[in-house]
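Enquirer: Have a look at this one.
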There are 4 protein chains.
Amino acid sequence: MAKKIWQTGANLDPEVEAYTVGNDYLLDQRLLPYDIAASEAQARMLKKIEVITATELKSLEAALAEILAKWKQGKFQIERNQEDGHTALEQFLTEKCGEAGKKIHTGRSRNDQALVMLRLFMKAEAIEMEKLVKGLISAFEAQAKRGKKIPLPGYTHTQKAMPTTVAIWLESFADALRDQLPFLAALRKLLNQNPLGSASGFGIPSFPLDRSFTTRELDFAKTQENPQYCGLSRGSFEYQFLATLSPIFLILSRFVNDLLLFTTQEFSYFSLPVNFTTGSSIMPQKRNYDLLEIMRANTNVFFARENEIRNILSSLISGYHRDLQLTKKSLIEGIDLAKATFSLATKIVKHLQPNEKRLKSAMSEDLFATEKVYELVKQGIPFREAYQQVKKEILG
Amino acid sequence: MAKKIWQTGANLDPEVEAYTVGNDYLLDQRLLPYDIAASEAQARMLKKIEVITATELKSLEAALAEILAKWKQGKFQIERNQEDGHTALEQFLTEKCGEAGKKIHTGRSRNDQALVMLRLFMKAEAIEMEKLVKGLISAFEAQAKRGKKIPLPGYTHTQKAMPTTVAIWLESFADALRDQLPFLAALRKLLNQNPLGSASGFGIPSFPLDRSFTTRELDFAKTQENPQYCGLSRGSFEYQFLATLSPIFLILSRFVNDLLLFTTQEFSYFSLPVNFTTGSSIMPQKRNYDLLEIMRANTNVFFARENEIRNILSSLISGYHRDLQLTKKSLIEGIDLAKATFSLATKIVKHLQPNEKRLKSAMSEDLFATEKVYELVKQGIPFREAYQQVKKEILG
Amino acid sequence: MAKKIWQTGANLDPEVEAYTVGNDYLLDQRLLPYDIAASEAQARMLKKIEVITATELKSLEAALAEILAKWKQGKFQIERNQEDGHTALEQFLTEKCGEAGKKIHTGRSRNDQALVMLRLFMKAEAIEMEKLVKGLISAFEAQAKRGKKIPLPGYTHTQKAMPTTVAIWLESFADALRDQLPFLAALRKLLNQNPLGSASGFGIPSFPLDRSFTTRELDFAKTQENPQYCGLSRGSFEYQFLATLSPIFLILSRFVNDLLLFTTQEFSYFSLPVNFTTGSSIMPQKRNYDLLEIMRANTNVFFARENEIRNILSSLISGYHRDLQLTKKSLIEGIDLAKATFSLATKIVKHLQPNEKRLKSAMSEDLFATEKVYELVKQGIPFREAYQQVKKEILG
Amino acid sequence: MAKKIWQTGANLDPEVEAYTVGNDYLLDQRLLPYDIAASEAQARMLKKIEVITATELKSLEAALAEILAKWKQGKFQIERNQEDGHTALEQFLTEKCGEAGKKIHTGRSRNDQALVMLRLFMKAEAIEMEKLVKGLISAFEAQAKRGKKIPLPGYTHTQKAMPTTVAIWLESFADALRDQLPFLAALRKLLNQNPLGSASGFGIPSFPLDRSFTTRELDFAKTQENPQYCGLSRGSFEYQFLATLSPIFLILSRFVNDLLLFTTQEFSYFSLPVNFTTGSSIMPQKRNYDLLEIMRANTNVFFARENEIRNILSSLISGYHRDLQLTKKSLIEGIDLAKATFSLATKIVKHLQPNEKRLKSAMSEDLFATEKVYELVKQGIPFREAYQQVKKEILG
């Protein structure tokens with residue numbers, strides 16, 4: 001069994017180990033490249049402040065490159081008894097580089113090692129997210145252009161209300177999404193600060209770490225100076241990441257709900273290509289929009305991920321707690337869900353097929369009642385009287 | 001690629017397939033034995049109503065037994081392109097039994113096939129859950145007996161209030177848990193009804209299925225007659241399962257929070273064996289109660305699982321929707337979390353080590369202020385006056 | 001300003017007072033009769049154990065009767081500076097009965113005073129809730145009888161699936177609700193235990209309270225013996241109350257969502273009387289089902305009430321904390337919402353108007369595809385082949 | 001009974017009216033000044049496009065000024081049967097101004113009237129919120145300055161870890177809060193667009209409203225052009241408002257949890273002035289930090305408000321639904337909670353009293369173990385070896 005650095009003489013009770021480690025070692029598998037990148041920066045900084053020699057640095061860089069290469073080929077597997085990626089990495093380095101492998105942990109704790117790994121991951125994902133959202137906006141805009149002249153009944157209370165167009169409807173989502181971009185930019189800014197060097201949340205007061213060196217190496221905009229704030233941001237930044245995406249899910253949920261209604265046989269305003277839909281194992285006539293249903297359900301799954309991070313955090317006092325480990329799974333599941341959803345939504349928008357004939361015939365007279373009222377208003381009749389007059393006409 | 005029964009000519013778009021299938025095929029891996037058991041009952045029923053012959057039944061029974069045997073050895077793997085366990089099972093049966101394999105789907109849909117599989121799973125897990133909770137109650141009672149004479153400061157507002165004992169404190173959790181048993185019994189009753197034969201939620205009106213036969217075969221207390229109620233119960237029963245466990249998690253959360261406070265160095269009222277605790281990678285002196293922290297966090301993760309099922313359901317109209325598929329993951333994760341947590345909690349209670357010396361010295365005078373008031377009351381002084389008098393004494 | 005019994009020399013900072021008291025004094029206004037009833041039982045018990053004399057008891061009973069009478073006339077108002085109903089009640093009793101008024105607090109704390117008040121309230125409301133749910137079940141059953149012969153398209157994926165009837169659809173809700181009754185019975189049992197005498201959660205060890213006397217007086221099934229369990233149940237029982245109603249809200253949400261779809265112009269399967277619906281201030285032709293929309297939204301509001309109690313509790317250690325005060329508002333709002341919703345739902349079911357003509361014409365041929373498959377199956381064709389054959393027919 | 005503009009011949013069923021109106025008319029009481037301001041802008045615009053005359057405008061302006069004056073004196077009361085503030089306002093105007101009163105509704109619906117009223121309200125509150133957060137940051141900074149030289153044990157896992165200072169601890173919250181300001185700025189930007197003129201979410205296509213005129217009049221940065229986006233933003237912007245405050249509550253929750261631990265008798269690191277704390281009705285010795293407990297609980301109440309808006313919205317299709325009305329209560333309660341909490345938190349920070357003597361004596365030797373390790377590291381011993389060596393020393 002792999003020996004963890006913090007391990008006391010007694011081996012951890014296996015039930016306790018299984019319960020506390022959970023699937024964290026599997027999640028770290030995904031995050032490993034970010035741990036490697038941060039470890040490289042750490043090694044270079046240690047060379048600069050003369051904790052390790054140039055030769056030791058070379059040895060460490062080679063070993064880290066080797067891990068990355070193995071990882072890319074799917075050959076670097078973190079094992080459960082290693083508990084997490086940090087231990088796996090350290091064991092590999094110690095085997096390959098001897099003393100130097102032990103020295104790389106100088107001035108850092110698993111806390112800031114995890115922090116910087118997750119920070120780099122989130123930074124990369126935040127950029128990806130902005131791209132996806134912009135792509136989605138473009139898809140709505142492009143599809144709206146095509147729908148400029150196609151009428152659409154506008155609904156309030158799920159009852160026909162007034163005329164609108166496919167274009168206006170689609171542009172409303174583009175506008176709503178565009179207004180989310182400043183929040184995504186604020187997120188990117190938040191994430192763009194370097195927590196490496198904060199150690200366990202209290203720094204290494206007497207030790208001459210060069211934090212601004214790793215900040216430059218890792219291309220962060222600034223150093224997150226206060227080590228307790230670094231600690232405080234574990235989990236909180238993960239929460240803020242998902243929280244920033246929630247409004248986007250919420251906007252999409254309206255679009256998805258619209259489509260689920262508009263693709264019923266009774267409405268038949270829109271359809272999606274046949275290879276987007278599924279059938280039934282018992283009812284041979286069915287065309288089902290499962291993808292929209294899964295998107296609707298995933299919206300709630302995503303919100304649950306955000307909430308679980310928040311609830312985990314709100315019970316804590318300052319400083320690291322093992323509870324924080326569990327926010328990793330919520331974050332990764334949330335991010336994956338968001339990327340898959342935004343990407344599929346873009347595809348849906350692109351392939352949306354308005355049923356023009358049906359839409360035109362759905363533009364029934366009652367949709368134009370308000371317009372009639374306003375024609376009377378133009379003739380000088382006060383609005384409220386015009387309203388009552390048209391109402392009387394309609395309801396007989 | 002495996003051909004799904006409901007499949008239309010066009011192959012499903014790969015992105016759509018990946019998004020809609022998710023990891024459902026992996027979850028079904030776990031549920032397979034219940035699908036096999038229900039399929040056996042289905043086959044026997046079909047023999048009874050003469051849809052299949054005795055020979056066909058034998059062939060099906062043999063094939064189902066073969067799947068089960070393979071599954072036990074970890075050799076029956078559902079593949080992603082099969083989408084779920086039902087398709088995997090049907091393909092195997094068709095290969096092995098030819099016509100008979102095709103006939104087993106007679107009178108059932110994937111909807112009731114999934115329903116009965118999940119129902120059998122939940123029934124078994126509900127029984128397991130009652131055992132675990134009863135074991136936990138016993139542990140609290142046994143530990144309480146040992147703590148009969150050990151004093152404990154009672155707290156309100158996290159401030160010392162009045163004297164209590166380790167026994168009374170531990171028994172309070174036993175009592176609270178015992179009062180949850182009627183809810184668990186109600187859950188077991190709810191689950192004890194057979195949905196097989198409800199097909200897609202509308203039954204097979206013109207077909208002479210013998211639903212009471214499968215009810216007896218599968219040892220259900222009754223048939224869930226109304227097929228739309230069967231449909232309605234997909235997801236809802238999953239929700240009710242987790243909802244019934246939530247109060248238990250909530251009770252435990254108090255115990256866990258107590259322990260997290262009582263094991264700080266400043267309190268030091270209790271400890272757990274050294275092999276239950278972990279150290280730090282940077283602070284050699286640390287003894288951390290990570291297992292309690294993970295329990296605290298998991299409480300919130302569990303609540304999120306319950307909430308996500310509920311939120312998925314509350315958006316739906318009657319009838320099956322693909323959204324419901326996602327409740328499977330929430331259910332299984334929730335059940336696993338509950339079992340691991342209740343089991344570990346039992347272990348913690350059993351190994352709890354009160355620090356008697358420290359507890360005795362913590363019984364400071366202020367804890368007895370109320371008792372002093374009541375001694376004055378016994379002497380005939382009205383309570384409110386006695387209170388003010390003792391207060392004056394204390395605050396000088 | 002009213003002087004609180006626990007008050008120290010310094011007056012509480014007004015901002016702190018406003019923040020901590022909140023609207024608790026207004027909520028207690030509603031709960032006062034239960035505080036009065038429990039105080040009467042407390043007074044009689046004190047007489048029995050000879051803390052107060054027969055004359056003092058009479059004086060207290062008269063004063064309590066006076067408060068109740070005033071309250072019924074809306075003339076007993078708890079003031080903000082009294083903080084809560086308990087202080088208001090004690091001040092009144094002290095003014096009216098002198099010494100005896102001070103003595104009634106003997107052996108009880110505001111903690112168990114609040115506990116027993118809320119317990120009596122919840123007990124009464126739980127009984128009311130069962131009545132409402134039974135009434136709702138009857139309404140579904142009665143309306144189902146009327147709809148026996150009215151066909152209804154059955155939907156899966158919001159797409160036409162197979163034929164069903166209005167009766168089966170409505171009975172599915174009756175069945176689902178009936179299966180909730182054992183949980184409501186378990187709730188009633190849980191609530192039927194007397195916490196009075198547990199004082200601040202630690203009892204009054206040296207004082208000869210006769211707890212079984214107040215148990216009988218207040219018609220509880222048993223005494224909640226362990227005083228720390230009494231403390232533990234503050235908030236938890238409130239949570240369990242709402243949690244027991246959540247599945248009922250969830251069942252209703254399906255019905256409400258069905259109706260919101262079935263009352264659109266495009267479906268027009270059902271309608272409600274004109275005086276149940278509203279119009280628009282700008283679109284004279286509109287008939288909106290606002291009541292269903294508010295029910296849909298209130299379902300989420302209710303779930304939020306349940307969640308907020310749970311989240312408040314899960315951060316706490318054992319013993320009373322002021323956090324628990326806030327569960328009162330969530331409980332009362334939740335109960336009021338449930339009663340109004342269940343009552344209105346019953347009314348809606350009673351007045352539901354199926355549009356028979358429209359329903360009949362909606363029974364299109366595709367709904368009978370599965371039946372066609374089964375006719376082929378009866379002729380000996382294996383299900384899967386019959387399925388493909390009918391499918392080919394339909395999709396041409 | 002007041003006649004609503006949209007009212008049909010039949011009066012609304014009273015139970016339906018009570019259920020749907022709820023307390024909305026009371027909430028509008030608070031929002032009235034914003035409705036008045038927007039109505040003034042609307043009237044001026046109608047004058048500009050010659051729907052009303054200069055005389056009519058003057059009459060309307062006078063009447064609106066009168067309402068505002070009455071409202072300030074608490075004399076303008078919206079009644080339940082008026083349903084909301086918009087009807088109350090229109091009725092007053094019609095009484096006072098005759099025809100002109102009827103005409104003011106020209107080109108607007110209650111939908112955009114509510115939208116613009118809420119938008120102005122939120123805009124004002126967002127500015128207020130930034131002020132409060134900045135004040136809180138300053139309070140943390142100022143208090144940190146005072147605590148520069150006061151040591152504080154740093155905790156991880158609620159166990160003593162490494163030395164820190166009161167200053168670093170307090171500054172960590174200041175830093176975290178400062179990083180929220182860009183999100184608040186993004187919120188202010190989002191809210192700074194004018195929805196007036198979007199009518200029911202579809203505009204008044206044939207009518208020459210001058211939307212940019214009201215945009216200037218109401219000091220919005222731009223017009224929210226797409227009327228369906230205006231509709232989409234009802235509820236969504238309310239959600240985004242609360243969602244933007246949630247991270248702030250989360251940051252504060254850590255501070256509050258820290259204080260609840262640090263003010264226990266066992267820690268006694270900090271205290272608050274005596275007039276911030278409360279006593280007990282039965283335990284004369286108690287000093288309780290109820291205000292911190294209420295803050296902890298309110299954090300969860302706030303999160304529930306955010307969640308309930310989100311869950312209400314995620315069930316909806318595009319267009320107005322009555323569900324949206326209920327987001328008003330959640331918004332207002334959430335905002336009030338935030339303002340009271342941020343303000344009180346500022347006061348708490350300002351009055352925080354570190355117990356220097358106690359803090360100094362709490363700086364036990366074990367806190368310096370890591371520092372010892374690093375002293376060995378400076379002497380050239382690899383970190384991992386130094387760690388094991390110090391560990392051996394400590395644990396003997």
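In the structure tokens, chains take the letters A, B, ... in the order shown, each chain's residues start at 1, and ligands count up from 1 in the order shown.
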Any chance you could tabulate, as JSON lines, the residues of chain D at most 6 Å from chain A with each one's nearest atom pair and distance in Å to one decimal, using only C-alpha atoms, in chain and rising number order?
Expert:
{"residue": "D:Lys102", "atom": "CA", "partner": "A:Arg384", "partner_atom": "CA", "distance": 5.8}
{"residue": "D:Lys103", "atom": "CA", "partner": "A:Pro382", "partner_atom": "CA", "distance": 5.3}
{"residue": "D:Thr106", "atom": "CA", "partner": "A:Phe383", "partner_atom": "CA", "distance": 5.6}
{"residue": "D:Tyr155", "atom": "CA", "partner": "A:Gly319", "partner_atom": "CA", "distance": 5.7}
{"residue": "D:Thr156", "atom": "CA", "partner": "A:Gly319", "partner_atom": "CA", "distance": 4.7}
{"residue": "D:His157", "atom": "CA", "partner": "A:His321", "partner_atom": "CA", "distance": 4.7}
{"residue": "D:Ser172", "atom": "CA", "partner": "A:Tyr229", "partner_atom": "CA", "distance": 4.4}
{"residue": "D:Pro182", "atom": "CA", "partner": "A:Ala186", "partner_atom": "CA", "distance": 5.7}
{"residue": "D:Phe183", "atom": "CA", "partner": "A:Ala186", "partner_atom": "CA", "distance": 5.9}
{"residue": "D:Ala186", "atom": "CA", "partner": "A:Pro182", "partner_atom": "CA", "distance": 5.7}
{"residue": "D:Gln228", "atom": "CA", "partner": "A:Ser172", "partner_atom": "CA", "distance": 5.6}
{"residue": "D:Tyr229", "atom": "CA", "partner": "A:Ser172", "partner_atom": "CA", "distance": 4.4}
{"residue": "D:Ser253", "atom": "CA", "partner": "A:Ser314", "partner_atom": "CA", "distance": 5.9}
{"residue": "D:Arg254", "atom": "CA", "partner": "A:Ile317", "partner_atom": "CA", "distance": 5.0}
{"residue": "D:Asn257", "atom": "CA", "partner": "A:Ile317", "partner_atom": "CA", "distance": 5.1}
{"residue": "D:Asp258", "atom": "CA", "partner": "A:Ile317", "partner_atom": "CA", "distance": 5.0}
{"residue": "D:Ser314", "atom": "CA", "partner": "A:Ser253", "partner_atom": "CA", "distance": 5.9}
{"residue": "D:Ile317", "atom": "CA", "partner": "A:Arg254", "partner_atom": "CA", "distance": 5.0}
{"residue": "D:Ser318", "atom": "CA", "partner": "A:Arg254", "partner_atom": "CA", "distance": 5.7}
{"residue": "D:Gly319", "atom": "CA", "partner": "A:Thr156", "partner_atom": "CA", "distance": 4.7}
{"residue": "D:Tyr320", "atom": "CA", "partner": "A:Thr156", "partner_atom": "CA", "distance": 4.8}
{"residue": "D:His321", "atom": "CA", "partner": "A:His157", "partner_atom": "CA", "distance": 4.7}
{"residue": "D:Pro382", "atom": "CA", "partner": "A:Lys103", "partner_atom": "CA", "distance": 5.3}
{"residue": "D:Phe383", "atom": "CA", "partner": "A:Thr106", "partner_atom": "CA", "distance": 5.5}
{"residue": "D:Arg384", "atom": "CA", "partner": "A:Lys102", "partner_atom": "CA", "distance": 5.8}
Enquirer: Using only C-alpha atoms, which protein or nucleic acid residues come within 12 Å of segment 275-279 of chain D? Drop anything in the same chain fewer than 4 positions from it, and give the result as a PyMOL selection string.
Expert: (chain B and resi 156-157+159+161+387-388+391+395) or (chain C and resi 4-21+110+321-322) or (chain D and resi 263+271+283-294+344-345+347-348+351-353)
Enquirer: What is the atom CA of Thr346 of chain D-atom CA of Ala139 of chain D distance in Å, reported with one decimal?
Expert: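 We find that atom CA of Thr346 of chain D and atom CA of Ala139 of chain D lie 6.0 Å from each other.
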Enquirer: Which residues in segment 162-283 of chain A does DSSP call strand (DSSP E)? List them as number ranges by chain.
Expert: A: 162-165, 193-194, 222-223, 270-271
Enquirer: Please return as a VMD selection string: the residues of segment 137-229 of chain D that backbone DSSP assigns to alpha helix (DSSP H).
Expert: chain D and resid 137 to 146 166 to 178 181 to 191 211 to 217 227 to 229
Enquirer: Residues within 8 Å of Ala304 of chain C, please, as a list in words. Count only C-alpha atoms; anything in the same chain fewer than 5 positions from it doesn't count.
Expert: Ala304, Arg305, Asn307 and Glu308 of chain D
Enquirer: Rounded to one decimal place, report the atom CA of Arg358 of chain D-atom CA of Asn355 of chain B distance in Å.
Expert: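 Computing the Euclidean distance for atom CA of Arg358 of chain D and atom CA of Asn355 of chain B yields 24.0 Å.
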Enquirer: Report, in Å to a single decimal, how far apart atom CA of Tyr34 of chain C and atom CA of Gly22 of chain C are.
Expert: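 Atom-to-atom, atom CA of Gly22 of chain C and atom CA of Tyr34 of chain C are spaced 21.1 Å apart.
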Enquirer: With a distance cut-off of 9 Å and only C-alpha atoms, select the neighbouring residues of segment 24-32 of chain D, excluding the residue or stretch itself and same-chain residues fewer than 2 positions from it, and output the selection as a list in words.
Expert: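 The contact residues come out as Thr20, Val21, Gly22, Tyr34, Asp35, Ile36, Ala37, Leu68, Trp71, Phe76, Gln77, Ile78, Glu79, Arg80, Asn81, Gln82, Glu83, Asp84, Gly85, His86, Leu89, Met117, Leu118, Phe121, Gln325, Leu326, Lys328, Lys329 and Ile332 of chain D.
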Enquirer: Restricted to C-alpha atoms, what would the selected residues look like written as a PDB file, in the first residue's frame?
Expert:
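For reference, out.pdb as written:
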ATOM      1  CA  THR D  20     -54.103  34.098  -6.687  1.00  0.00           C
ATOM      2  CA  VAL D  21     -53.768  37.599  -5.246  1.00  0.00           C
ATOM      3  CA  GLY D  22     -52.072  36.422  -2.068  1.00  0.00           C
ATOM      4  CA  TYR D  34     -41.484  53.362  -8.743  1.00  0.00           C
ATOM      5  CA  ASP D  35     -44.828  52.791 -10.445  1.00  0.00           C
ATOM      6  CA  ILE D  36     -45.561  56.491 -10.061  1.00  0.00           C
ATOM      7  CA  ALA D  37     -42.206  57.512 -11.529  1.00  0.00           C
ATOM      8  CA  LEU D  68     -46.919  60.120  -3.969  1.00  0.00           C
ATOM      9  CA  TRP D  71     -48.128  57.486   0.059  1.00  0.00           C
ATOM     10  CA  PHE D  76     -52.470  55.689   0.081  1.00  0.00           C
ATOM     11  CA  GLN D  77     -53.485  52.112   0.770  1.00  0.00           C
ATOM     12  CA  ILE D  78     -53.857  49.497  -1.969  1.00  0.00           C
ATOM     13  CA  GLU D  79     -56.803  47.277  -1.165  1.00  0.00           C
ATOM     14  CA  ARG D  80     -56.975  43.545  -1.626  1.00  0.00           C
ATOM     15  CA  ASN D  81     -59.854  43.756  -4.062  1.00  0.00           C
ATOM     16  CA  GLN D  82     -57.749  46.063  -6.214  1.00  0.00           C
ATOM     17  CA  GLU D  83     -55.383  43.147  -6.531  1.00  0.00           C
ATOM     18  CA  ASP D  84     -52.280  45.230  -7.154  1.00  0.00           C
ATOM     19  CA  GLY D  85     -50.822  48.711  -7.216  1.00  0.00           C
ATOM     20  CA  HIS D  86     -51.382  49.172 -10.934  1.00  0.00           C
ATOM     21  CA  LEU D  89     -53.134  53.771  -9.412  1.00  0.00           C
ATOM     22  CA  MET D 117     -41.546  49.356 -11.645  1.00  0.00           C
ATOM     23  CA  LEU D 118     -39.488  46.383 -10.487  1.00  0.00           C
ATOM     24  CA  PHE D 121     -36.686  49.300  -7.664  1.00  0.00           C
ATOM     25  CA  GLN D 325     -46.026  37.315  -9.509  1.00  0.00           C
ATOM     26  CA  LEU D 326     -44.683  35.140  -6.702  1.00  0.00           C
ATOM     27  CA  LYS D 328     -41.881  39.536  -6.137  1.00  0.00           C
ATOM     28  CA  LYS D 329     -42.195  38.366  -2.544  1.00  0.00           C
ATOM     29  CA  ILE D 332     -38.298  41.770  -1.609  1.00  0.00           C
TER      30      ILE D 332
END
